[in-house]
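The next block is final_31.cif, given as mmCIF, C-alpha atoms and all ligand atoms.
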data_entry
loop_
_atom_site.label_atom_id
_atom_site.label_comp_id
_atom_site.auth_asym_id
_atom_site.auth_seq_id
_atom_site.Cartn_x
_atom_site.Cartn_y
_atom_site.Cartn_z
CA MET A 1156 -7.62 -3.83 15.27
CA ALA A 1157 -7.06 -3.92 11.53
CA ILE A 1158 -10.30 -5.69 10.60
CA VAL A 1159 -13.35 -3.56 11.36
CA PHE A 1160 -16.00 -5.75 9.78
CA GLN A 1161 -15.96 -8.89 7.66
CA SER A 1162 -18.49 -10.70 5.53
CA ASP A 1163 -17.61 -13.57 3.19
CA ASN A 1164 -14.40 -12.57 1.37
CA PHE A 1165 -14.86 -8.82 2.00
CA ILE A 1166 -12.93 -7.16 4.82
CA LEU A 1167 -13.52 -3.58 5.93
CA LEU A 1168 -10.38 -1.79 7.14
CA ASN A 1169 -9.98 1.57 8.83
CA HIS A 1170 -6.69 2.93 7.47
CA LYS A 1171 -6.54 5.78 10.01
CA GLU A 1172 -7.13 3.43 12.96
CA ILE A 1173 -4.40 1.06 11.74
CA VAL A 1174 -1.89 3.92 11.62
CA ASP A 1175 -3.06 5.31 14.98
CA SER A 1176 -2.64 1.89 16.62
CA HIS A 1177 1.15 2.28 16.16
CA TYR A 1178 1.29 5.33 18.44
CA GLN A 1179 -0.10 4.03 21.76
CA GLY A 1180 -2.82 6.69 22.06
CA LYS A 1181 -0.20 9.48 22.00
CA TYR A 1182 -0.49 10.58 18.38
CA GLU A 1183 -3.02 10.23 15.58
CA ILE A 1184 -2.63 10.75 11.86
CA ARG A 1185 -4.70 13.80 10.91
CA ARG A 1186 -8.21 12.81 9.89
CA GLU A 1187 -8.31 15.47 7.16
CA PHE A 1188 -6.34 13.09 4.92
CA PHE A 1189 -9.21 10.60 4.98
CA ASN A 1190 -12.00 13.04 4.14
CA ILE A 1191 -12.74 11.46 0.79
CA ASN A 1192 -16.40 12.38 0.65
CA ARG A 1193 -17.17 12.10 -3.01
CA SER A 1194 -16.22 9.83 -5.94
CA PHE A 1195 -13.68 11.33 -8.31
CA LYS A 1196 -15.02 11.97 -11.80
CA SER A 1197 -13.31 9.71 -14.29
CA ASP A 1198 -13.33 9.87 -18.04
CA ASN A 1199 -14.20 6.26 -18.65
CA THR A 1200 -16.58 6.77 -21.54
CA ALA A 1201 -14.10 5.11 -23.93
CA GLY A 1202 -14.45 1.99 -21.81
CA VAL A 1203 -18.15 1.83 -22.60
CA LYS A 1204 -17.41 1.79 -26.33
CA ARG A 1205 -14.92 -1.04 -25.91
CA LYS A 1206 -17.16 -3.17 -23.66
CA ARG A 1207 -17.61 -5.79 -26.35
CA ARG A 1208 -13.89 -6.51 -26.70
CA LYS A 1209 -13.12 -6.26 -22.99
CA MET A 1210 -16.15 -8.28 -21.89
CA SER A 1211 -14.33 -10.42 -19.33
CA THR A 1212 -13.07 -7.44 -17.33
CA HIS A 1213 -16.42 -5.77 -17.73
CA GLU A 1214 -18.25 -8.87 -16.46
CA LYS A 1215 -15.84 -9.25 -13.57
CA ASN A 1216 -16.34 -5.61 -12.65
CA VAL A 1217 -20.14 -5.89 -12.80
CA LEU A 1218 -20.02 -8.81 -10.36
CA LEU A 1219 -17.51 -7.00 -8.19
CA GLU A 1220 -19.60 -3.84 -8.09
CA GLU A 1221 -22.73 -5.82 -7.17
CA SER A 1222 -21.03 -7.72 -4.38
CA LEU A 1223 -19.37 -4.53 -3.13
CA GLN A 1224 -22.77 -2.84 -2.91
CA LYS A 1225 -24.12 -5.79 -0.89
CA PHE A 1226 -21.12 -5.65 1.43
CA ILE A 1227 -21.43 -1.88 1.94
CA HIS A 1228 -25.13 -2.38 2.71
CA LYS A 1229 -24.18 -4.92 5.42
CA CYS A 1230 -21.52 -2.51 6.75
CA LYS A 1231 -24.14 0.23 7.00
CA LEU A 1232 -26.52 -2.09 8.87
CA ALA A 1233 -23.64 -2.79 11.27
CA GLY A 1234 -23.14 0.95 11.81
CA TYR A 1235 -20.24 1.71 9.44
CA PHE A 1236 -20.18 4.42 6.76
CA GLU A 1237 -22.26 7.55 6.91
CA GLU A 1238 -25.80 6.63 5.76
CA ASN A 1239 -26.66 10.11 4.53
CA GLY A 1240 -23.17 11.53 4.78
CA ASN A 1241 -22.27 14.74 3.06
CA GLU A 1242 -20.75 14.34 -0.36
CA GLU A 1243 -19.02 17.68 -0.44
CA SER A 1244 -15.89 18.16 -2.47
CA ASN A 1245 -12.61 16.38 -1.63
CA GLN A 1246 -10.74 19.61 -2.26
CA ALA A 1247 -9.85 20.33 1.38
CA SER A 1248 -8.40 16.84 1.81
CA LEU A 1249 -6.45 17.11 -1.46
CA GLU A 1250 -5.02 20.45 -0.35
CA GLU A 1251 -3.76 18.86 2.88
CA ALA A 1252 -2.14 16.10 0.81
CA SER A 1253 -0.43 18.60 -1.47
CA LYS A 1254 1.29 20.10 1.61
CA VAL A 1255 2.71 16.62 2.32
CA HIS A 1256 3.93 16.24 -1.25
CA ASN A 1257 5.64 19.61 -1.00
CA LEU A 1258 7.46 18.75 2.21
CA LYS A 1259 10.84 18.01 0.70
CA CYS A 1260 12.36 16.81 -2.52
CA SER A 1261 15.93 15.80 -1.66
CA TYR A 1262 16.56 12.61 0.25
CA PRO A 1263 20.09 12.12 1.58
CA VAL A 1264 21.23 8.64 2.60
CA LEU A 1265 20.11 8.09 6.20
CA ARG A 1266 19.60 5.16 8.51
CA GLY A 1267 18.18 4.82 11.99
CA GLU A 1268 16.07 2.83 14.38
CA ASN A 1269 13.84 3.12 17.41
CA ASN A 1270 14.59 0.21 19.74
CA ASN A 1271 12.24 1.48 22.42
CA ASN A 1272 8.77 0.21 23.09
CA GLU A 1273 7.54 3.80 23.00
CA CYS A 1274 7.08 6.05 19.97
CA ILE A 1275 9.47 9.00 19.82
CA ILE A 1276 9.95 12.25 17.92
CA THR A 1277 13.42 12.96 16.57
CA LYS A 1278 14.91 15.79 14.56
CA LEU A 1279 16.75 14.74 11.42
CA GLN A 1280 18.13 17.18 8.86
CA GLU A 1281 16.22 20.06 10.54
CA GLU A 1282 12.86 18.25 10.25
CA GLU A 1283 10.96 16.41 13.00
CA TYR A 1284 9.72 12.87 12.45
CA LEU A 1285 7.56 10.53 14.53
CA PHE A 1286 8.99 7.03 15.02
CA PRO A 1287 6.75 4.12 16.03
CA PRO A 1288 8.20 1.65 18.54
CA GLN A 1289 10.62 -1.07 17.39
CA CYS A 1290 11.29 0.12 13.89
CA ARG A 1291 14.33 0.50 11.66
CA PHE A 1292 14.80 2.40 8.42
CA PHE A 1293 17.22 2.87 5.55
CA GLN A 1294 16.67 5.92 3.39
CA ASN A 1295 18.60 4.64 0.44
CA ASP A 1296 18.39 3.25 -3.06
CA VAL A 1297 17.11 -0.32 -3.00
CA LYS A 1298 19.67 -1.17 -5.69
CA LYS A 1299 22.27 -0.88 -2.89
CA ILE A 1300 20.36 -3.10 -0.45
CA ASP A 1301 23.23 -5.61 -0.29
CA ASP A 1302 25.51 -2.81 0.97
CA PHE A 1303 23.33 -1.61 3.82
CA LEU A 1304 21.55 -4.78 5.06
CA SER A 1305 23.74 -7.34 6.85
CA SER A 1306 24.44 -10.32 4.67
CA GLY A 1307 22.36 -13.35 5.61
CA GLU A 1308 19.59 -11.25 7.15
CA VAL A 1309 16.20 -12.74 6.24
CA PHE A 1310 12.57 -11.70 6.74
CA ASP A 1311 9.28 -13.54 7.31
CA LEU A 1312 7.24 -10.90 5.50
CA ILE A 1313 8.37 -8.73 2.59
CA VAL A 1314 6.01 -5.99 1.39
CA ILE A 1315 6.82 -4.39 -1.97
CA ASP A 1316 5.00 -1.41 -3.47
CA PRO A 1317 7.05 -0.74 -6.59
CA PRO A 1318 7.47 2.67 -8.18
CA TRP A 1319 6.18 1.20 -11.44
CA TRP A 1320 7.33 3.12 -14.46
CA ASN A 1321 4.26 4.83 -15.90
CA LYS A 1322 3.30 7.77 -18.05
CA TYR A 1323 1.00 9.28 -15.43
CA ILE A 1324 3.80 9.69 -12.86
CA ARG A 1325 6.10 11.00 -15.57
CA ARG A 1326 3.52 13.63 -16.55
CA VAL A 1327 2.94 14.63 -12.92
CA LYS A 1328 6.69 14.78 -12.39
CA LYS A 1329 7.08 17.21 -15.26
CA ALA A 1330 4.38 19.46 -13.81
CA ASN A 1331 5.45 19.25 -10.16
CA ARG A 1332 8.49 17.22 -9.19
CA ASN A 1333 7.39 16.98 -5.53
CA ILE A 1334 4.05 15.24 -6.16
CA SER A 1335 5.64 12.34 -8.00
CA TYR A 1336 8.56 10.03 -7.22
CA ASP A 1337 11.43 8.26 -8.98
CA MET A 1338 10.32 5.25 -11.01
CA LEU A 1339 11.98 1.94 -11.86
CA TYR A 1340 11.76 -0.26 -14.94
CA ASN A 1341 10.42 -3.78 -14.42
CA ASP A 1342 13.86 -5.34 -14.98
CA GLU A 1343 15.32 -3.11 -12.26
CA ILE A 1344 12.60 -4.22 -9.83
CA ALA A 1345 13.25 -7.87 -10.77
CA ASP A 1346 16.91 -7.33 -9.81
CA ILE A 1347 16.05 -6.71 -6.13
CA PRO A 1348 17.47 -9.79 -4.35
CA VAL A 1349 14.13 -10.83 -2.80
CA GLY A 1350 15.04 -14.51 -3.22
CA ARG A 1351 17.94 -14.00 -0.78
CA LEU A 1352 16.02 -11.84 1.69
CA ASN A 1353 13.13 -14.16 2.50
CA SER A 1354 13.15 -16.76 5.26
CA THR A 1355 12.23 -20.39 4.59
CA CYS A 1356 8.59 -19.79 5.48
CA SER A 1357 8.04 -16.27 4.24
CA ILE A 1358 5.21 -14.33 2.60
CA VAL A 1359 5.90 -11.72 -0.07
CA THR A 1360 3.20 -9.25 -1.10
CA ILE A 1361 3.48 -7.04 -4.16
CA TRP A 1362 1.16 -4.09 -4.75
CA CYS A 1363 0.20 -3.90 -8.40
CA THR A 1364 -1.57 -1.36 -10.57
CA ASN A 1365 -4.20 -2.46 -13.11
CA ASN A 1366 -1.66 -2.18 -15.90
CA LYS A 1367 -1.36 -5.57 -17.65
CA THR A 1368 2.40 -5.18 -18.21
CA HIS A 1369 2.99 -4.75 -14.48
CA LEU A 1370 0.88 -7.79 -13.61
CA ASN A 1371 2.62 -9.78 -16.35
CA SER A 1372 6.03 -8.83 -14.98
CA ILE A 1373 5.09 -10.06 -11.52
CA MET A 1374 3.82 -13.39 -12.83
CA THR A 1375 6.43 -14.12 -15.47
CA LYS A 1376 9.54 -12.32 -14.15
CA PHE A 1377 9.49 -11.46 -10.45
CA ILE A 1378 7.87 -14.64 -9.10
CA PRO A 1379 10.18 -17.10 -10.92
CA HIS A 1380 13.27 -14.89 -10.51
CA TRP A 1381 12.67 -14.42 -6.78
CA LYS A 1382 11.94 -18.18 -6.40
CA LEU A 1383 8.41 -17.59 -5.10
CA ARG A 1384 5.15 -19.48 -5.47
CA TYR A 1385 2.03 -17.51 -6.44
CA VAL A 1386 -0.74 -17.88 -3.87
CA ALA A 1387 -3.45 -15.29 -4.45
CA GLU A 1388 -4.54 -12.01 -5.90
CA TRP A 1389 -6.29 -9.82 -3.34
CA LEU A 1390 -7.96 -6.52 -4.15
CA TRP A 1391 -7.91 -3.24 -2.29
CA MET A 1392 -11.22 -1.52 -3.01
CA LYS A 1393 -11.18 2.22 -2.36
CA VAL A 1394 -14.50 3.74 -1.29
CA THR A 1395 -15.62 7.18 -0.15
CA LYS A 1396 -16.79 7.94 3.37
CA VAL A 1397 -20.36 7.10 2.26
CA GLY A 1398 -19.22 3.74 0.82
CA LYS A 1399 -19.21 4.54 -2.91
CA PRO A 1400 -16.29 3.43 -5.13
CA VAL A 1401 -13.83 6.36 -5.43
CA CYS A 1402 -14.18 6.28 -9.22
CA ASP A 1403 -16.12 4.38 -11.88
CA PHE A 1404 -15.26 0.77 -12.73
CA ALA A 1405 -13.65 0.75 -16.17
CA ASP A 1406 -11.71 -1.17 -18.80
CA GLU A 1407 -8.71 -2.99 -17.39
CA GLU A 1408 -6.08 -0.56 -18.69
CA LYS A 1409 -7.92 2.40 -17.16
CA LYS A 1410 -8.17 3.71 -13.64
CA GLN A 1411 -10.18 1.39 -11.40
CA PRO A 1412 -11.48 1.97 -7.89
CA TYR A 1413 -9.25 -0.94 -6.82
CA GLU A 1414 -5.62 -2.02 -6.82
CA ARG A 1415 -4.22 -5.51 -6.69
CA ILE A 1416 -2.08 -7.20 -4.08
CA ILE A 1417 -0.26 -10.30 -5.28
CA VAL A 1418 0.43 -12.68 -2.44
CA ALA A 1419 3.26 -15.20 -2.86
CA VAL A 1420 5.36 -17.42 -0.62
CA LYS A 1421 8.89 -18.78 -0.85
CA ASP A 1422 8.84 -21.72 -3.21
CA SER A 1423 9.82 -24.39 -0.68
CA GLU A 1424 8.45 -27.57 0.90
CA GLU A 1425 7.95 -25.65 4.17
CA THR A 1426 5.47 -23.21 2.64
CA LYS A 1427 3.06 -25.78 1.14
CA CYS A 1428 0.87 -25.72 4.23
CA LEU A 1429 1.16 -21.93 4.49
CA SER A 1430 -0.04 -21.33 0.94
CA GLU A 1431 -3.11 -23.47 1.58
CA LYS A 1432 -3.95 -21.45 4.70
CA ILE A 1433 -3.82 -18.05 2.95
CA PRO A 1434 -7.30 -17.09 1.64
CA LYS A 1435 -7.41 -16.78 -2.15
CA ASP A 1436 -9.93 -14.07 -2.95
CA ILE A 1437 -9.86 -11.42 -0.26
CA ILE A 1438 -11.28 -7.96 -1.05
CA LEU A 1439 -10.07 -5.32 1.37
CA VAL A 1440 -12.28 -2.25 1.52
CA SER A 1441 -11.28 1.11 2.98
CA THR A 1442 -11.48 4.86 2.54
CA PRO A 1443 -8.09 5.84 1.15
CA SER A 1444 -6.11 8.87 2.18
CA SER A 1445 -5.76 11.79 -0.22
CA ILE A 1446 -1.97 11.30 -0.27
CA HIS A 1447 -1.02 9.91 -3.65
CA SER A 1448 -0.32 6.14 -3.60
CA HIS A 1449 -0.71 5.86 0.20
CA LYS A 1450 -1.40 2.18 0.98
CA PRO A 1451 -2.97 0.81 4.16
CA PRO A 1452 -0.58 -1.34 6.23
CA LEU A 1453 -1.62 -4.99 5.84
CA SER A 1454 0.75 -6.51 8.37
CA ASP A 1455 -1.95 -7.18 10.99
CA ILE A 1456 -3.86 -9.30 8.46
CA LEU A 1457 -0.76 -11.03 7.09
CA LYS A 1458 0.55 -11.75 10.59
CA LEU A 1459 -2.33 -14.24 10.99
CA TYR A 1460 -0.28 -16.52 8.72
CA LEU A 1461 3.19 -15.72 10.08
CA PRO A 1462 5.22 -16.88 13.09
CA GLU A 1463 4.96 -14.87 16.33
CA ASN A 1464 6.92 -11.58 16.21
CA PRO A 1465 7.77 -11.92 12.55
CA LYS A 1466 10.68 -10.00 11.05
CA CYS A 1467 9.20 -7.77 8.38
CA LEU A 1468 10.71 -5.75 5.55
CA GLU A 1469 9.01 -3.12 3.43
CA ILE A 1470 10.73 -2.12 0.21
CA PHE A 1471 9.83 1.27 -1.33
CA ALA A 1472 8.29 2.35 1.99
CA ARG A 1473 7.21 5.93 2.74
CA TYR A 1474 6.18 5.21 6.33
CA LEU A 1475 7.48 3.15 9.25
CA GLN A 1476 5.76 0.36 11.16
CA PRO A 1477 6.54 -1.45 14.42
CA GLY A 1478 8.48 -4.67 13.78
CA PHE A 1479 9.52 -3.50 10.31
CA THR A 1480 12.73 -2.64 8.54
CA SER A 1481 11.67 -0.02 5.98
CA VAL A 1482 13.69 0.80 2.90
CA GLY A 1483 13.08 3.57 0.36
CA LEU A 1484 14.22 6.87 -1.04
CA GLU A 1485 11.33 8.62 0.77
CA VAL A 1486 11.11 6.27 3.73
CA LEU A 1487 10.39 9.05 6.29
CA LYS A 1488 8.04 11.13 4.18
CA LEU A 1489 4.79 10.09 5.87
CA GLN A 1490 6.41 10.16 9.33
CA HIS A 1491 6.84 13.95 9.26
CA VAL A 1492 5.31 15.38 12.46
CA SER A 1493 3.08 17.69 10.43
CA LEU A 1494 0.97 14.66 9.45
CA PHE A 1495 0.09 13.88 13.09
CA ASN A 1496 -1.82 15.40 16.01
CA ARG A 1497 -0.53 15.00 19.57
CA LEU A 1498 -3.37 13.52 21.67
C1 LIG A 1501 4.53 3.54 -4.92
S1 LIG A 1501 5.54 4.47 -3.88
C2 LIG A 1501 5.36 3.67 -2.34
C3 LIG A 1501 4.19 4.17 -1.57
C4 LIG A 1501 4.10 3.60 -0.18
N1 LIG A 1501 3.86 2.18 -0.21
C5 LIG A 1501 3.00 4.28 0.62
O1 LIG A 1501 2.02 3.60 0.98
O2 LIG A 1501 3.10 5.46 0.89
C6 LIG A 1501 7.14 3.99 -4.38
C7 LIG A 1501 8.27 4.62 -3.60
O3 LIG A 1501 9.51 4.06 -4.05
C8 LIG A 1501 10.50 5.09 -4.01
N2 LIG A 1501 11.62 4.71 -4.92
C9 LIG A 1501 11.76 4.93 -6.23
N3 LIG A 1501 12.93 4.42 -6.68
C10 LIG A 1501 13.54 3.87 -5.62
C11 LIG A 1501 14.78 3.21 -5.45
N4 LIG A 1501 15.61 3.00 -6.46
N5 LIG A 1501 15.09 2.78 -4.20
C12 LIG A 1501 14.25 2.97 -3.15
N6 LIG A 1501 13.07 3.61 -3.26
C13 LIG A 1501 12.70 4.05 -4.48
C14 LIG A 1501 9.76 6.32 -4.48
O4 LIG A 1501 10.46 7.48 -4.08
C15 LIG A 1501 8.43 6.14 -3.74
O5 LIG A 1501 8.49 6.70 -2.46
#
For this file, write the structure as C-alpha cells.
Amino acid sequence: MAIVFQSDNFILLNHKEIVDSHYQGKYEIRREFFNINRSFKSDNTAGVKRKRRKMSTHEKNVLLEESLQKFIHKCKLAGYFEENGNEESNQASLEEASKVHNLKCSYPVLRGENNNNECIITKLQEEEYLFPPQCRFFQNDVKKIDDFLSSGEVFDLIVIDPPWWNKYIRRVKKANRNISYDMLYNDEIADIPVGRLNSTCSIVTIWCTNNKTHLNSIMTKFIPHWKLRYVAEWLWMKVTKVGKPVCDFADEEKKQPYERIIVAVKDSEETKCLSEKIPKDIILVSTPSSIHSHKPPLSDILKLYLPENPKCLEIFARYLQPGFTSVGLEVLKLQHVSLFNRL
C-alpha cells in the first residue's frame, strides 16, 4: 500500500514498504538505508540575506513549512513517526549508501526480463541481482532507445528522472567517480522521443530539481517538444524519521527539503478528462533513503488514473518495478542483492 496516511493534499508514503511490496514477502530492502534520523545541516544563511528579493519563494516556503508541521502533527496522532525518536547522526546510513555507490562503475550494454509472477535472483556479469516479477530492462544509453525498443511500442505511464547537468554532480564526480553519474544537457534530454513513446491516454512524470533552468526547460522545451499538456506540479517532501524536513527551507536556487514532480499528459482530446481527474497540488511526504537521488516509486499513486495493467516505462531508472520497462545506464544498480535481506 503506497499511501500510508493522507490529509488534505498531503500524502505520507513509506518508501521502504513500497519497495518491499514488489518482493512478495521474500525479500526486503535493508532498513539501514532509511535511517535518516537527523536533518542535514545546510549553509542557507545567504538565503536569509536575500529574503527581500526572493520574497515569493520565501513566502511559499513559510506556508509550506507551516502546513507540513500540521500534517506531521496529524501523522503523529495517527501513530506515524517517532514522537521522541533518537536524532543520532545519519553517518551509519550514509556509510551503507557509500557501499552501494562503490558497487561498480562500468555498465556494459545488457537487456533482460523476468516474465514470471515470482521475483528471482540472477547472476549477471559475476554479480547477483534481484528481479521483481514481470519486469524488463535495457541497460543502455537512452539516446539509442529507437534501436532497442520495438518501433511502435507505446506506454501508458512514462517516468523520467533526468541526470540534469549540474555543478554539484560534476564536483562529486571529480572527487569520486562512483558516487556520481553521467549527466545530460537539457537539449539532449529534449531529444528523447517521448512524443512517440506515449499512448493516446498516457501520463508522463518528470522529476525536477529546484534549479530554475531545469524547470524552465521542462515547461518551455520538453512539454511542447514531446507534445504533452502540463497538468500539475507535485512536491516530494523529504523528512527525517522524527518528521523534520531533511534540511532547511531556502532560496529557490538552493537546496530545499523537497523536489518537484511535473505531471503531464499527452496533448490529445482523449486526455482532457484525465487531466481534470489528476489532483493539482499533491505533496508527497516520506523519509528518503541515504542513497543519492533515490526516488520513491510513484506508480501505485499514478495507477489510480491509468487503465488496468498499464504498460509503464521508466527512463534513467536505477531500479526495476513490476509492470515496468526500465531503461538507464545504471538500471540494475539498486537491484544488487547486497541491498536486500532474504526474509
Ligand atoms: C537522477 S539519476 C536516476 C535516479 C533514479 N530515478 C533512482 O531513483 O534511483 C539519473 C540516471 O540516469 C543515468 N544516465 C545518465 N546518462 C544516461 C544516458 N545517456 N542514458 C541512460 N541513462 C543515463 C545515470 O547513470 C543515472 O543513473
Nearest residue to Lys1278 in chain A out of A:Ser1162, A:Val1314, A:His1491, A:Pro1400, using only C-alpha atoms?
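Residue with the minimum atom-to-atom distance to Lys1278 in chain A: A:His1491.
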Would you compute the distance between CA of Ile1361 in chain A and CA of Pro1443 in chain A? Give it in Å to one decimal.
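Separation of CA of Ile1361 in chain A and CA of Pro1443 in chain A: 18.1 Å.
As for CA of Asn1341 in chain A and CA of Glu1431 in chain A, they are spaced 28.8 Å apart.
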Nearest to ligand LIG 1501 (chain A): which of A:Val1401, A:Val1482, A:Ala1252, A:Leu1475 is it, counting all atoms listed in the file?
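Using all atoms listed in the file, the shortest distance to ligand LIG 1501 (chain A) belongs to A:Val1482.
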Excluding same-chain residues fewer than 4 positions from Val1349 in chain A, what lies within 9 Å of it counting all atoms listed in the file, as a tab-separated table (two decimals) with C-alpha atoms, in the coordinates of the input?
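Output (part08.tsv):
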chain	number	residue	atom	x	y	z
A	1313	ILE	CA	8.37	-8.73	2.59
A	1345	ALA	CA	13.25	-7.87	-10.77
A	1353	ASN	CA	13.13	-14.16	2.50
A	1359	VAL	CA	5.90	-11.72	-0.07
A	1377	PHE	CA	9.49	-11.46	-10.45
A	1380	HIS	CA	13.27	-14.89	-10.51
A	1381	TRP	CA	12.67	-14.42	-6.78
A	1382	LYS	CA	11.94	-18.18	-6.40
Using only C-alpha atoms, can you tell me which of A:Phe1303, A:Phe1293, A:Trp1320, A:Phe1189 comes closest to Asn1169 in chain A?
A:Phe1189
Start from the incomplete input, build N, CA and C atoms for range 1354-1373 of chain A, and deliver everything as a compact mmCIF listing (two decimals), in the coordinates of the input.
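The file below, selection.txt, is the result:
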# COMPACT_ATOMS: atom_id res chain seq x y z
N SER A 1354 12.87 -15.59 4.42
CA SER A 1354 13.15 -16.76 5.26
C SER A 1354 12.48 -17.99 4.65
N THR A 1355 12.75 -19.16 5.19
CA THR A 1355 12.23 -20.39 4.59
C THR A 1355 10.71 -20.42 4.51
N CYS A 1356 10.05 -19.72 5.45
CA CYS A 1356 8.59 -19.79 5.48
C CYS A 1356 7.98 -18.40 5.33
N SER A 1357 8.42 -17.69 4.29
CA SER A 1357 8.04 -16.27 4.24
C SER A 1357 6.89 -15.99 3.27
N ILE A 1358 6.24 -14.84 3.51
CA ILE A 1358 5.21 -14.33 2.60
C ILE A 1358 5.76 -13.08 1.94
N VAL A 1359 5.51 -12.93 0.65
CA VAL A 1359 5.90 -11.72 -0.07
C VAL A 1359 4.63 -11.15 -0.70
N THR A 1360 4.36 -9.86 -0.45
CA THR A 1360 3.20 -9.25 -1.10
C THR A 1360 3.69 -8.14 -2.02
N ILE A 1361 3.07 -8.05 -3.18
CA ILE A 1361 3.48 -7.04 -4.16
C ILE A 1361 2.24 -6.26 -4.57
N TRP A 1362 2.25 -4.95 -4.31
CA TRP A 1362 1.16 -4.09 -4.75
C TRP A 1362 1.27 -3.90 -6.25
N CYS A 1363 0.14 -4.01 -6.95
CA CYS A 1363 0.20 -3.90 -8.40
C CYS A 1363 -0.91 -3.00 -8.94
N THR A 1364 -0.57 -2.22 -9.92
CA THR A 1364 -1.57 -1.36 -10.57
C THR A 1364 -2.44 -2.25 -11.46
N ASN A 1365 -3.37 -1.66 -12.20
CA ASN A 1365 -4.20 -2.46 -13.11
C ASN A 1365 -3.60 -2.56 -14.51
N ASN A 1366 -2.35 -2.12 -14.63
CA ASN A 1366 -1.66 -2.18 -15.90
C ASN A 1366 -1.22 -3.64 -16.16
N LYS A 1367 -1.62 -4.15 -17.32
CA LYS A 1367 -1.36 -5.57 -17.65
C LYS A 1367 0.13 -5.89 -17.65
N THR A 1368 0.95 -4.93 -18.13
CA THR A 1368 2.40 -5.18 -18.21
C THR A 1368 2.97 -5.40 -16.81
N HIS A 1369 2.48 -4.61 -15.84
CA HIS A 1369 2.99 -4.75 -14.48
C HIS A 1369 2.62 -6.13 -13.92
N LEU A 1370 1.35 -6.50 -14.12
CA LEU A 1370 0.88 -7.79 -13.61
C LEU A 1370 1.66 -8.93 -14.29
N ASN A 1371 1.86 -8.79 -15.59
CA ASN A 1371 2.62 -9.78 -16.35
C ASN A 1371 4.04 -9.94 -15.82
N SER A 1372 4.66 -8.80 -15.49
CA SER A 1372 6.03 -8.83 -14.98
C SER A 1372 6.09 -9.59 -13.67
N ILE A 1373 5.09 -9.35 -12.81
CA ILE A 1373 5.09 -10.06 -11.52
C ILE A 1373 5.02 -11.57 -11.76
